[in-house]
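So the structure is just underneath, and the comments pick up after that.
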Amino acid sequence: MIDRIAALERRARRLEALVAILAVGYLVLLAWRLLPRPEMSAQKFSVRDRGGMIRAELSLGDGGTPSLRLNDAAGKARAMLLLRADGSTTLRFTDARGENRAQLLLRPDGSPLLRLSGPGDDALTEVQTVEGGAPALLLRAPDRTVRWTAP
């Protein structure tokens with residue numbers, strides 16, 4: 001009988017220890033969920049591929065203006081999103097030689113401009129809004145002479 005009581009006491013101590021461990025674990029999990037998540041901050045953040053080439057870059061310019069740059073496998077910029085100090089926004093796409101081929105701009109006054117360019121970064125097609133919000137279209141020849149415009 002004494003052996004059975006001693007065995008029950010040992011079992012009760014083990015159960016108490018188990019309950020204490022579970023309670024501590026629960027408190028740790030609760031504290032972990034309530035703690036604020038760590039924040040990573042930097043002036044520049046780069047994403048590199050397995051070969052070490054920068055493929056994407058989020059950065060702040062000298063004036064504190066943010067930009068996002070996406071690079072091709074050779075590390076050349078192919079797409080850029082820029083927010084300028086004057087409040088204008090630019091989304092720019094370049095070809096493999098780094099020449100601008102398409103740009104979507106939002107000017108500080110909120111008016112949009114779509115520019116499609118040929119070789120040498122010459123704007124061949126522009127679609128935009130002019131004063132009063134009226135649409136305008138401009139088509140140029142490669143020598144930059146105006147071929148057609150509306151209105």
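In the structure tokens, chains take the letters A, B, ... in the order shown, each chain's residues start at 1, and ligands count up from 1 in the order shown.
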
Go through stretch 79-129 of chain A and flag each residue having an atom no more than 12 Å from stretch 40-57 of chain A; for those, report the closest pair of atoms plus their distance in Å to one decimal, using only C-alpha atoms, ordered by chain and rising number, as a Markdown table.
```
| residue | atom | partner | partner_atom | distance |
| --- | --- | --- | --- | --- |
| A:Ala79 | CA | A:Ala56 | CA | 9.5 |
| A:Met80 | CA | A:Glu57 | CA | 9.5 |
| A:Leu81 | CA | A:Glu57 | CA | 10.6 |
| A:Leu82 | CA | A:Glu57 | CA | 11.8 |
```

Just want the 10 Å neighbourhood of A:Lys76, counted on only C-alpha atoms, with same-chain residues fewer than 2 positions away dropped. Output as a ChimeraX atom specification. /A:53-55,69-74,78-79,94-98

Contacts of stretch 133-145 of chain A within 8 Å, only C-alpha atoms, excl. fewer than 6 positions in-chain, as a ChimeraX atom specification: /A:111,118,122-127,151

Atom CA of A:Leu116 sits from atom CA of A:Ala102 at a separation of 4.6 Å

Per DSSP on the backbone, what are the strand (DSSP E) residues of chain A, as a PyMOL selection string? chain A and resi 44-48+54-60+66-71+77-83+89-94+100-106+112-117+123-129+135-140+146-150

When DSSP works through the backbone of this structure, what residues of stretch 3-150 of chain A end up as alpha helix (DSSP H), shown as a ChimeraX atom specification? /A:3-34

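We find atom CA of A:Arg107 and atom CA of A:Gly132 to be spaced 14.3 Å apart.
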